[in-house]
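Shown next: my_file06.cif, containing mmCIF, C-alpha atoms.
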data_entry
loop_
_atom_site.label_atom_id
_atom_site.label_comp_id
_atom_site.auth_asym_id
_atom_site.auth_seq_id
_atom_site.Cartn_x
_atom_site.Cartn_y
_atom_site.Cartn_z
CA MET A 1 -46.81 -26.91 -21.59
CA ASP A 2 -45.67 -23.30 -21.59
CA THR A 3 -42.52 -23.41 -23.72
CA GLN A 4 -40.56 -21.00 -25.82
CA ASN A 5 -38.10 -21.90 -28.54
CA THR A 6 -35.86 -19.52 -30.46
CA PRO A 7 -34.91 -21.12 -33.79
CA VAL A 8 -31.82 -20.15 -35.72
CA HIS A 9 -32.23 -19.02 -39.32
CA ALA A 10 -29.28 -18.86 -41.68
CA GLY A 11 -30.84 -15.83 -43.36
CA LEU A 12 -30.20 -13.70 -40.30
CA TRP A 13 -26.43 -13.92 -40.61
CA HIS A 14 -25.94 -11.53 -43.48
CA ARG A 15 -23.06 -9.09 -43.90
CA ASP A 16 -24.63 -6.11 -42.11
CA PHE A 17 -25.68 -8.17 -39.10
CA TRP A 18 -22.19 -9.65 -38.76
CA LEU A 19 -20.62 -6.18 -38.88
CA LEU A 20 -22.90 -4.78 -36.20
CA ALA A 21 -22.58 -7.85 -33.97
CA LEU A 22 -18.79 -7.67 -34.19
CA ALA A 23 -18.96 -3.93 -33.46
CA SER A 24 -20.92 -4.72 -30.29
CA LEU A 25 -18.30 -7.34 -29.35
CA SER A 26 -15.45 -4.89 -29.94
CA LEU A 27 -17.08 -2.06 -27.97
CA THR A 28 -18.09 -4.22 -25.02
CA ALA A 29 -14.71 -5.94 -24.84
CA ALA A 30 -13.06 -2.50 -24.78
CA MET A 31 -15.21 -1.40 -21.84
CA TYR A 32 -14.35 -4.53 -19.86
CA LEU A 33 -10.60 -4.23 -20.48
CA PRO A 34 -9.90 -1.99 -17.43
CA LEU A 35 -11.90 -4.07 -14.94
CA PRO A 36 -9.14 -6.41 -13.68
CA LEU A 37 -6.34 -3.80 -13.96
CA LEU A 38 -7.77 -0.46 -12.85
CA PRO A 39 -8.18 -1.17 -9.09
CA ALA A 40 -4.64 -2.50 -8.63
CA TRP A 41 -3.17 0.39 -10.66
CA MET A 42 -5.05 3.00 -8.63
CA MET A 43 -4.10 1.48 -5.28
CA GLN A 44 -0.49 0.56 -6.03
CA VAL A 45 0.59 3.37 -8.38
CA CYS A 46 -1.72 6.24 -7.44
CA GLY A 47 -1.93 5.45 -3.73
CA CYS A 48 -5.74 5.45 -3.67
CA THR A 49 -7.81 3.61 -1.10
CA PRO A 50 -9.83 0.49 -2.04
CA LEU A 51 -13.04 2.55 -1.79
CA GLU A 52 -11.71 5.17 -4.21
CA ALA A 53 -10.65 2.44 -6.63
CA ALA A 54 -14.10 0.87 -6.28
CA VAL A 55 -15.75 4.17 -7.18
CA CYS A 56 -13.72 4.40 -10.40
CA VAL A 57 -14.55 0.80 -11.32
CA GLY A 58 -18.27 1.15 -10.58
CA VAL A 59 -19.02 4.71 -11.72
CA PRO A 60 -19.68 3.71 -15.37
CA GLY A 61 -22.75 1.92 -14.00
CA VAL A 62 -24.06 5.37 -13.06
CA GLY A 63 -22.93 6.94 -16.32
CA ILE A 64 -24.93 4.54 -18.53
CA PHE A 65 -28.14 6.19 -17.29
CA MET A 66 -27.08 9.77 -18.06
CA PHE A 67 -28.06 10.03 -21.75
CA GLY A 68 -30.70 7.30 -21.83
CA CYS A 69 -33.69 9.63 -21.61
CA PHE A 70 -32.32 11.60 -24.59
CA CYS A 71 -31.66 8.51 -26.73
CA SER A 72 -34.96 8.61 -28.62
CA TYR A 73 -34.61 12.31 -29.38
CA LEU A 74 -31.00 11.98 -30.59
CA VAL A 75 -31.65 9.08 -32.99
CA GLN A 76 -34.59 10.97 -34.53
CA ARG A 77 -33.00 14.40 -34.61
CA TYR A 78 -29.70 13.12 -36.06
CA ARG A 79 -28.67 10.13 -38.15
CA ARG A 80 -28.86 7.15 -35.81
CA ASN A 81 -25.58 5.61 -36.92
CA HIS A 82 -23.83 8.95 -36.49
CA VAL A 83 -25.02 9.17 -32.88
CA CYS A 84 -23.44 5.79 -32.21
CA ILE A 85 -20.22 6.58 -34.08
CA TYR A 86 -19.64 9.93 -32.37
CA SER A 87 -20.29 8.32 -28.98
CA LEU A 88 -17.69 5.66 -29.79
CA PHE A 89 -15.14 8.33 -30.67
CA VAL A 90 -15.60 9.92 -27.24
CA VAL A 91 -15.22 6.53 -25.52
CA ALA A 92 -11.96 6.06 -27.46
CA VAL A 93 -10.76 9.51 -26.32
CA CYS A 94 -11.55 8.55 -22.73
CA PHE A 95 -9.35 5.47 -23.09
CA TYR A 96 -6.52 7.61 -24.41
CA PHE A 97 -7.03 10.04 -21.53
CA LEU A 98 -6.67 7.17 -19.05
CA GLN A 99 -3.37 6.35 -20.73
CA PHE A 100 -2.40 10.03 -20.43
CA ILE A 101 -3.21 9.98 -16.69
CA HIS A 102 -1.12 6.82 -16.35
CA ARG A 103 1.90 8.54 -17.90
CA GLY A 104 1.63 11.75 -15.86
CA VAL A 105 -0.06 10.63 -12.66
CA GLY A 106 0.31 13.17 -9.85
CA THR A 107 -1.16 13.10 -6.38
CA ALA A 108 -3.54 10.37 -5.32
CA LEU A 109 -6.40 12.85 -4.95
CA GLY A 110 -5.75 14.30 -8.39
CA ALA A 111 -5.56 10.89 -10.01
CA PHE A 112 -8.75 9.74 -8.29
CA GLY A 113 -10.73 12.79 -9.38
CA LEU A 114 -9.51 12.63 -12.99
CA VAL A 115 -10.08 8.91 -13.36
CA ALA A 116 -13.56 9.11 -11.78
CA VAL A 117 -14.63 11.88 -14.18
CA VAL A 118 -13.19 10.07 -17.22
CA ARG A 119 -14.83 6.78 -16.24
CA LEU A 120 -18.17 8.53 -15.68
CA ALA A 121 -17.99 10.08 -19.15
CA GLN A 122 -16.88 6.77 -20.60
CA GLY A 123 -19.86 4.99 -19.07
CA ALA A 124 -22.28 7.68 -20.27
CA LEU A 125 -21.12 7.51 -23.91
CA PHE A 126 -20.80 3.72 -23.80
CA GLY A 127 -24.37 3.52 -22.58
CA LEU A 128 -25.62 5.78 -25.37
CA ALA A 129 -23.64 3.94 -28.06
CA GLN A 130 -24.73 0.49 -26.90
CA MET A 131 -28.37 1.48 -26.51
CA VAL A 132 -28.45 2.93 -30.05
CA LEU A 133 -26.63 -0.12 -31.40
CA SER A 134 -28.83 -2.75 -29.74
CA SER A 135 -32.18 -0.96 -29.73
CA THR A 136 -32.03 0.65 -33.17
CA LEU A 137 -29.19 -0.24 -35.55
CA ILE A 138 -29.24 -4.04 -35.22
CA ILE A 139 -33.04 -4.11 -35.44
CA ASP A 140 -33.04 -1.91 -38.54
CA THR A 141 -30.88 -4.36 -40.49
CA CYS A 142 -33.27 -7.31 -40.06
CA GLU A 143 -36.70 -8.26 -41.33
CA SER A 144 -39.41 -7.83 -38.73
CA PHE A 145 -39.98 -11.56 -38.22
CA ARG A 146 -36.27 -12.10 -37.40
CA ARG A 147 -35.80 -9.24 -34.94
CA THR A 148 -36.24 -11.36 -31.81
CA GLU A 149 -33.61 -13.76 -33.08
CA ALA A 150 -31.35 -10.84 -34.04
CA ASN A 151 -31.55 -9.37 -30.51
CA TYR A 152 -30.98 -12.79 -28.97
CA SER A 153 -27.98 -13.59 -31.19
CA ALA A 154 -26.33 -10.16 -30.93
CA ALA A 155 -26.54 -10.31 -27.13
CA TRP A 156 -24.27 -13.36 -27.16
CA PHE A 157 -21.47 -11.28 -28.67
CA SER A 158 -21.68 -8.78 -25.80
CA ARG A 159 -21.91 -11.65 -23.31
CA LEU A 160 -18.73 -13.26 -24.64
CA ALA A 161 -16.98 -9.87 -24.43
CA LEU A 162 -17.53 -10.00 -20.67
CA SER A 163 -14.85 -12.70 -20.51
CA LEU A 164 -12.78 -11.84 -23.59
CA GLY A 165 -12.10 -8.24 -22.55
CA PRO A 166 -10.64 -8.93 -19.08
CA MET A 167 -8.82 -12.02 -20.39
CA ALA A 168 -7.11 -9.94 -23.09
CA ALA A 169 -6.18 -7.23 -20.56
CA LEU A 170 -4.64 -9.73 -18.14
CA ALA A 171 -2.72 -11.43 -20.95
CA LEU A 172 -1.37 -8.14 -22.34
CA SER A 173 -0.58 -6.28 -19.11
CA PRO A 174 2.64 -8.20 -18.24
CA LEU A 175 3.94 -7.45 -21.73
CA ALA A 176 2.68 -3.94 -22.36
CA GLY A 177 1.56 -2.35 -19.06
CA PHE A 178 -1.62 -0.55 -18.03
CA GLY A 179 -1.19 2.43 -20.36
CA SER A 180 -0.75 0.28 -23.44
CA VAL A 181 -3.82 -1.78 -22.56
CA MET A 182 -5.82 1.47 -22.51
CA VAL A 183 -4.55 2.21 -26.01
CA VAL A 184 -5.82 -1.22 -27.05
CA GLY A 185 -9.23 -0.20 -25.65
CA ALA A 186 -9.19 2.94 -27.80
CA ILE A 187 -8.24 0.86 -30.86
CA LEU A 188 -11.15 -1.52 -30.23
CA CYS A 189 -13.53 1.44 -30.16
CA ILE A 190 -12.15 2.67 -33.48
CA VAL A 191 -12.60 -0.84 -34.90
CA ALA A 192 -16.26 -0.65 -33.83
CA VAL A 193 -16.54 2.72 -35.60
CA ILE A 194 -15.13 1.23 -38.82
CA LEU A 195 -17.50 -1.74 -38.66
CA ILE A 196 -20.58 0.43 -38.14
CA SER A 197 -19.47 2.86 -40.86
CA ALA A 198 -19.38 -0.04 -43.33
CA VAL A 199 -23.15 -0.54 -42.94
CA LYS A 200 -25.49 1.70 -44.95
CA PHE A 201 -28.59 2.86 -43.11
CA PRO A 202 -31.41 4.43 -45.12
CA PHE A 203 -32.85 7.74 -44.01
CA LYS A 204 -35.74 7.35 -41.58
CA ALA A 205 -38.14 10.25 -41.07
CA PRO A 206 -38.65 11.29 -37.43
CA GLU A 207 -41.99 11.00 -35.69
CA ASP A 208 -44.40 13.91 -35.86
CA ILE A 209 -43.85 14.75 -32.20
CA VAL A 210 -40.29 14.24 -30.95
CA ARG A 211 -39.88 14.68 -27.21
CA HIS A 212 -36.52 15.81 -25.90
CA VAL A 213 -36.87 13.62 -22.80
CA SER A 214 -38.48 10.21 -23.12
CA ALA A 215 -38.30 6.67 -21.74
CA ASP A 216 -38.50 5.34 -25.31
CA ARG A 217 -35.35 3.34 -26.22
CA PHE A 218 -34.26 3.80 -22.60
CA PHE A 219 -36.31 2.07 -19.91
CA LEU A 220 -39.36 -0.18 -20.06
CA PRO A 221 -41.57 0.46 -16.99
CA GLN A 222 -43.46 -2.80 -17.64
CA GLY A 223 -40.22 -4.68 -17.00
CA LYS A 224 -39.41 -3.21 -13.60
CA TRP A 225 -39.61 -6.51 -11.71
CA LEU A 226 -37.54 -8.34 -14.31
CA PHE A 227 -35.03 -5.49 -13.99
CA VAL A 228 -34.81 -5.87 -10.21
CA ASN A 229 -34.59 -9.66 -10.38
CA PHE A 230 -31.84 -9.62 -12.99
CA LEU A 231 -30.00 -6.88 -11.07
CA PHE A 232 -29.53 -9.28 -8.15
CA VAL A 233 -28.03 -11.87 -10.50
CA THR A 234 -25.57 -9.51 -12.19
CA ALA A 235 -24.55 -7.90 -8.88
CA ALA A 236 -23.60 -11.37 -7.66
CA VAL A 237 -21.49 -11.82 -10.80
CA GLY A 238 -19.75 -8.48 -10.21
CA LEU A 239 -18.79 -9.58 -6.70
CA VAL A 240 -17.22 -12.76 -8.07
CA PHE A 241 -15.29 -10.78 -10.67
CA SER A 242 -13.85 -8.54 -7.96
CA ILE A 243 -12.07 -11.50 -6.34
CA ASN A 244 -10.94 -13.38 -9.46
CA GLY A 245 -8.22 -11.67 -11.43
CA THR A 246 -6.55 -14.28 -13.63
CA ALA A 247 -6.66 -14.79 -17.37
CA TYR A 248 -7.32 -18.50 -16.77
CA PHE A 249 -10.50 -17.71 -14.82
CA TYR A 250 -11.89 -15.59 -17.64
CA GLY A 251 -10.79 -18.14 -20.23
CA MET A 252 -12.75 -20.88 -18.48
CA LEU A 253 -15.65 -18.44 -18.11
CA SER A 254 -15.73 -18.33 -21.92
CA VAL A 255 -15.98 -22.12 -21.95
CA GLY A 256 -19.00 -21.84 -19.67
CA PHE A 257 -20.60 -19.31 -22.03
CA VAL A 258 -20.13 -21.66 -24.97
CA LEU A 259 -21.69 -24.52 -22.99
CA SER A 260 -24.66 -22.32 -22.07
CA LEU A 261 -25.12 -21.42 -25.73
CA LEU A 262 -25.23 -25.10 -26.63
CA ALA A 263 -27.60 -25.78 -23.74
CA ALA A 264 -29.97 -23.01 -24.85
CA ARG A 265 -29.95 -24.42 -28.36
CA PHE A 266 -30.36 -28.12 -27.59
CA VAL A 267 -31.21 -28.78 -23.93
CA PHE A 268 -33.76 -26.00 -23.32
CA ALA A 269 -35.10 -25.71 -26.87
CA ASN A 270 -38.55 -26.98 -25.88
CA ALA A 271 -38.24 -27.09 -22.11
CA GLU A 272 -40.79 -25.69 -19.67
CA LEU A 273 -40.47 -21.91 -19.54
CA LYS A 274 -39.45 -21.64 -15.89
CA SER A 275 -36.70 -24.27 -16.10
CA GLU A 276 -34.08 -22.18 -17.89
CA ALA A 277 -33.91 -19.28 -15.43
CA VAL A 278 -34.08 -21.62 -12.42
CA THR A 279 -31.31 -23.83 -13.82
CA GLY A 280 -29.10 -20.86 -14.65
CA ILE A 281 -29.29 -19.35 -11.18
CA ALA A 282 -28.88 -22.80 -9.61
CA LEU A 283 -25.66 -23.32 -11.59
CA MET A 284 -24.34 -19.99 -10.28
CA ILE A 285 -25.23 -21.01 -6.71
CA ALA A 286 -23.41 -24.31 -7.27
CA ALA A 287 -20.31 -22.42 -8.45
CA LEU A 288 -20.38 -20.23 -5.34
CA LEU A 289 -20.77 -23.23 -3.03
CA VAL A 290 -17.77 -24.86 -4.70
CA MET A 291 -15.79 -21.65 -4.14
CA LEU A 292 -16.63 -21.72 -0.43
CA ALA A 293 -15.63 -25.38 -0.09
CA ASP A 294 -12.54 -25.25 -2.32
CA ASP A 295 -9.81 -24.21 0.12
CA ASP A 296 -6.87 -25.60 -1.87
CA GLY A 297 -7.97 -24.41 -5.34
CA THR A 298 -8.43 -27.88 -6.80
CA ALA A 299 -11.73 -26.80 -8.42
CA SER A 300 -10.31 -23.70 -10.08
CA SER A 301 -11.56 -24.84 -13.50
CA LEU A 302 -15.01 -25.94 -12.39
CA VAL A 303 -16.02 -22.65 -10.75
CA PRO A 304 -15.74 -20.34 -13.79
CA VAL A 305 -17.27 -22.96 -16.10
CA LEU A 306 -20.31 -23.31 -13.84
CA MET A 307 -20.51 -19.55 -13.37
CA GLY A 308 -20.27 -18.86 -17.12
CA CYS A 309 -22.81 -21.54 -17.97
CA GLY A 310 -25.25 -20.23 -15.37
CA MET A 311 -24.79 -16.60 -16.45
CA GLY A 312 -25.31 -17.47 -20.10
CA VAL A 313 -28.44 -19.53 -19.48
CA VAL A 314 -30.18 -17.05 -17.19
CA GLY A 315 -29.03 -14.02 -19.21
CA SER A 316 -30.37 -15.32 -22.51
CA ARG A 317 -33.69 -16.27 -20.93
CA PHE A 318 -34.17 -12.91 -19.19
CA LEU A 319 -33.40 -11.15 -22.48
CA LEU A 320 -36.24 -13.05 -24.15
CA PHE A 321 -38.49 -12.24 -21.20
CA PHE A 322 -37.83 -8.52 -21.69
CA ILE A 323 -38.60 -8.80 -25.41
CA LYS A 324 -41.83 -10.76 -24.88
CA LEU A 325 -42.95 -8.41 -22.12
CA SER A 326 -42.70 -5.30 -24.32
CA PRO A 327 -45.21 -4.13 -26.94
CA HIS A 328 -43.99 -4.65 -30.50
CA CYS A 329 -43.23 -0.94 -30.98
CA ARG A 330 -41.04 -0.90 -27.85
CA ARG A 331 -38.78 -3.83 -28.63
CA GLY A 332 -35.75 -1.51 -28.67
CA THR A 333 -36.67 -0.19 -25.24
CA SER A 334 -36.65 -3.74 -23.87
CA GLN A 335 -33.10 -4.18 -25.18
CA SER A 336 -31.92 -1.03 -23.43
CA THR A 337 -33.61 -2.09 -20.18
CA TYR A 338 -31.86 -5.46 -20.30
CA PHE A 339 -28.55 -3.71 -20.98
CA LEU A 340 -29.05 -1.33 -18.05
CA ALA A 341 -29.89 -4.19 -15.67
CA CYS A 342 -26.82 -6.13 -16.73
CA GLU A 343 -24.31 -3.26 -16.60
CA SER A 344 -25.62 -1.54 -13.48
CA GLY A 345 -25.72 -4.84 -11.60
CA LEU A 346 -22.14 -5.67 -12.57
CA SER A 347 -21.05 -2.19 -11.47
CA VAL A 348 -22.80 -2.55 -8.11
CA GLY A 349 -21.13 -5.91 -7.53
CA LEU A 350 -17.69 -4.63 -8.53
CA PHE A 351 -18.11 -1.56 -6.31
CA LEU A 352 -19.09 -3.67 -3.32
CA GLY A 353 -16.34 -6.21 -3.95
CA TYR A 354 -13.48 -3.75 -4.28
CA GLY A 355 -14.81 -1.13 -1.88
CA PHE A 356 -15.95 -3.22 1.08
CA PHE A 357 -14.63 -6.76 0.60
CA TYR A 358 -11.13 -6.11 -0.72
CA GLY A 359 -8.94 -8.84 0.74
CA ALA A 360 -11.99 -10.63 2.18
CA SER A 361 -12.90 -12.99 -0.62
CA HIS A 362 -14.83 -15.39 1.62
CA ASP A 363 -17.24 -12.64 2.70
CA ALA A 364 -17.66 -11.50 -0.91
CA VAL A 365 -18.59 -15.03 -1.98
CA VAL A 366 -21.08 -15.30 0.88
CA LEU A 367 -22.76 -12.03 -0.14
CA SER A 368 -22.83 -13.19 -3.76
CA LEU A 369 -24.47 -16.44 -2.64
CA VAL A 370 -27.07 -14.45 -0.69
CA LEU A 371 -27.85 -12.30 -3.75
CA CYS A 372 -28.23 -15.36 -5.99
CA SER A 373 -30.49 -17.01 -3.42
CA ILE A 374 -32.67 -13.89 -3.26
CA ALA A 375 -32.79 -13.79 -7.07
CA LEU A 376 -33.85 -17.44 -7.26
CA ALA A 377 -36.49 -17.08 -4.55
CA MET A 378 -37.85 -13.90 -6.11
CA TYR A 379 -38.10 -15.52 -9.53
CA VAL A 380 -39.79 -18.72 -8.33
CA VAL A 381 -42.19 -17.07 -5.89
CA PHE A 382 -43.10 -13.89 -7.75
CA THR A 383 -41.38 -12.86 -11.00
CA HIS A 384 -42.26 -15.83 -13.19
CA ARG A 385 -45.97 -15.72 -12.44
CA TRP A 386 -45.95 -11.94 -12.83
CA TYR A 387 -44.23 -12.28 -16.21
CA VAL A 388 -46.68 -14.91 -17.51
CA LYS A 389 -49.57 -12.68 -16.50
CA HIS A 390 -48.19 -9.49 -18.10
CA LYS A 391 -46.33 -10.65 -21.22
CA ASN A 392 -47.55 -9.24 -24.51
CA ARG A 393 -46.55 -12.02 -26.92
#
Can you present the structure in this file as structure tokens?
Amino acid sequence: MDTQNTPVHAGLWHRDFWLLALASLSLTAAMYLPLPLLPAWMMQVCGCTPLEAAVCVGVPGVGIFMFGCFCSYLVQRYRRNHVCIYSLFVVAVCFYFLQFIHRGVGTALGAFGLVAVVRLAQGALFGLAQMVLSSTLIIDTCESFRRTEANYSAAWFSRLALSLGPMAALALSPLAGFGSVMVVGAILCIVAVILISAVKFPFKAPEDIVRHVSADRFFLPQGKWLFVNFLFVTAAVGLVFSINGTAYFYGMLSVGFVLSLLAARFVFANAELKSEAVTGIALMIAALLVMLADDDGTASSLVPVLMGCGMGVVGSRFLLFFIKLSPHCRRGTSQSTYFLACESGLSVGLFLGYGFFYGASHDAVVLSLVLCSIALAMYVVFTHRWYVKHKNR
């Protein structure tokens, strides 16, 4: 039987790993803070159209690709932790600038242009910081035989931030307002800076030939079909997020993530390799079918739990697929590719949801269901067999 188990070793959870994992949680939660608040603020306060608001929500998904091809050069030309820290400072400044725009918002066109530029810059520096953190810093703090487990475990912190960030924003906004929530985002970035600064990284000599532009630590060409398949899944998630804007929804999504973590540890520990991805996407499809049938909202708790459980199961499995598909020397590149698939897919889904299905939640759910169905069919018919044939370890 073709199985794959990821054991948990107590030795992994040392001080430096905890600090970097919590830094990833803090940074990712900060980036997800504006998601449930930004569209309503732009449309109601700034007078922007739903499409303009959708652009500002989704444009970080474009920004995360901007510095990726320079990532390898930057971490070899400069201290790798400094690259991450300086990027985090700029992300914090972008949050403060959003708060500044909120205080002095002018015309709708001016607000749209400013917010779009700030969000693009925010996405670009977030992408660089997260790629350096996941593909280099976390790996460098672990022994070589625990690096797969380190990548797998650290990814759960970012995954939980997907629900914790919006939940915190929705809980704080009635008390503090949009501008104050942006300040909280800046504070979370500074917390991430402090956590990373507390870890000591030894000097690492650069390679003999350092290319200014490279796919190393950026994108893994061998994983292109995994990237496309996972993009369909995360785009479906983004669509669902665009029509669910309550703290309760994101709180129950966290419950689903916890259940998926337990399932990965106990239910799928020695299961057949295909079962985890198929089950995860099937759970998401079940959640969407419940949404379509639940006219009176009686299943409001079941939907996010199923969605979170499905996302967690399929996300953790695809992350391991990316790692196993890459050569040993390109493990960091596989992490960045997984990150790009996740974030760009979410951005596409959010853009479509707010830009073209605003006020039409039924149609958004139908499109999300179509995307999940395509993802499941693609995985069963093509991607799994392609992965088994091309994996390196």
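Each of A:Leu35, A:Ile374, A:Leu262, A:Val303 was compared to Ala53 in chain A using only C-alpha atoms, and A:Leu35 turns out to be the nearest.
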Q | Pick from A:Pro202, A:Gly179, A:Gly280, A:Gly223 nearest to Leu306 in chain A, counting all atoms listed in the file | A | A:Gly280
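Evaluating the PyMOL selection byres ((chain A and resi 160) around 9) against the shown model yields Leu25, Ala29, Ala155, Trp156, Phe157, Ser158, Arg159, Ala161, Leu162, Ser163, Leu164, Gly165, Leu253, Ser254, Phe257 and Val258 of chain A.
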Q: Determine the residue set returned by the PyMOL selection byres ((chain A and resi 168) around 10) for the present structure, and present it as a PyMOL selection string.
A: chain A and resi 29-30+32-33+161+163-167+169-173+181+184+247+250-251
Q. Applied to the shown file, which residues does the PyMOL selection byres ((chain A and resi 124-130) around 9) return, written as a ChimeraX atom specification?
A. /A:24,27-28,31,60-68,70-71,83-88,90-91,119-123,131-135,336,339-340
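For the pair CA of Arg217 in chain A and CA of Ile281 in chain A, the interatomic distance is 27.9 Å.
Pairwise distance (CA of Val365 in chain A, CA of Arg317 in chain A) equals 24.3 Å.
Of the listed residues (A:Gln335, A:Asn229, A:Ser361, A:Thr234), A:Gln335 comes nearest to Ile138 in chain A; the distances count only C-alpha atoms.
CA of Ile323 in chain A lies 25.6 Å from CA of His82 in chain A.
If you measure from each of A:Cys48, A:Leu302, A:Gly345, A:Phe89 to Val193 in chain A using only C-alpha atoms, the closest one turns out to be A:Phe89.
Closest approach to Lys204 in chain A among A:Ser373, A:Asn392, A:Asn151, A:Gln76 is made by A:Gln76 (distances from all atoms listed in the file).
For the residues A:Val388, A:Ala287, A:Ala21, A:Ala299, ranking by smallest atom-to-atom distance to Ile196 in chain A using only C-alpha atoms places A:Ala21 first.
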Q. If you count all atoms listed in the file, which residues fall within 7 Å of Val313 in chain A, apart from same-chain ones fewer than 3 positions away, as an NGL selection string?
A. :A and (260 or 264 or 276-277 or 280 or 309-310 or 316-317)
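Those DNA, RNA and protein residues that approach the point (-32.6, 16.0, -37.1) to within 12 Å, considering all atoms listed in the file, are Ser72, Tyr73, Leu74, Val75, Gln76, Arg77, Tyr78, Arg79, Arg80, His82, Val83, Phe203, Lys204, Ala205, Pro206, Glu207, Val210 and His212 of chain A.
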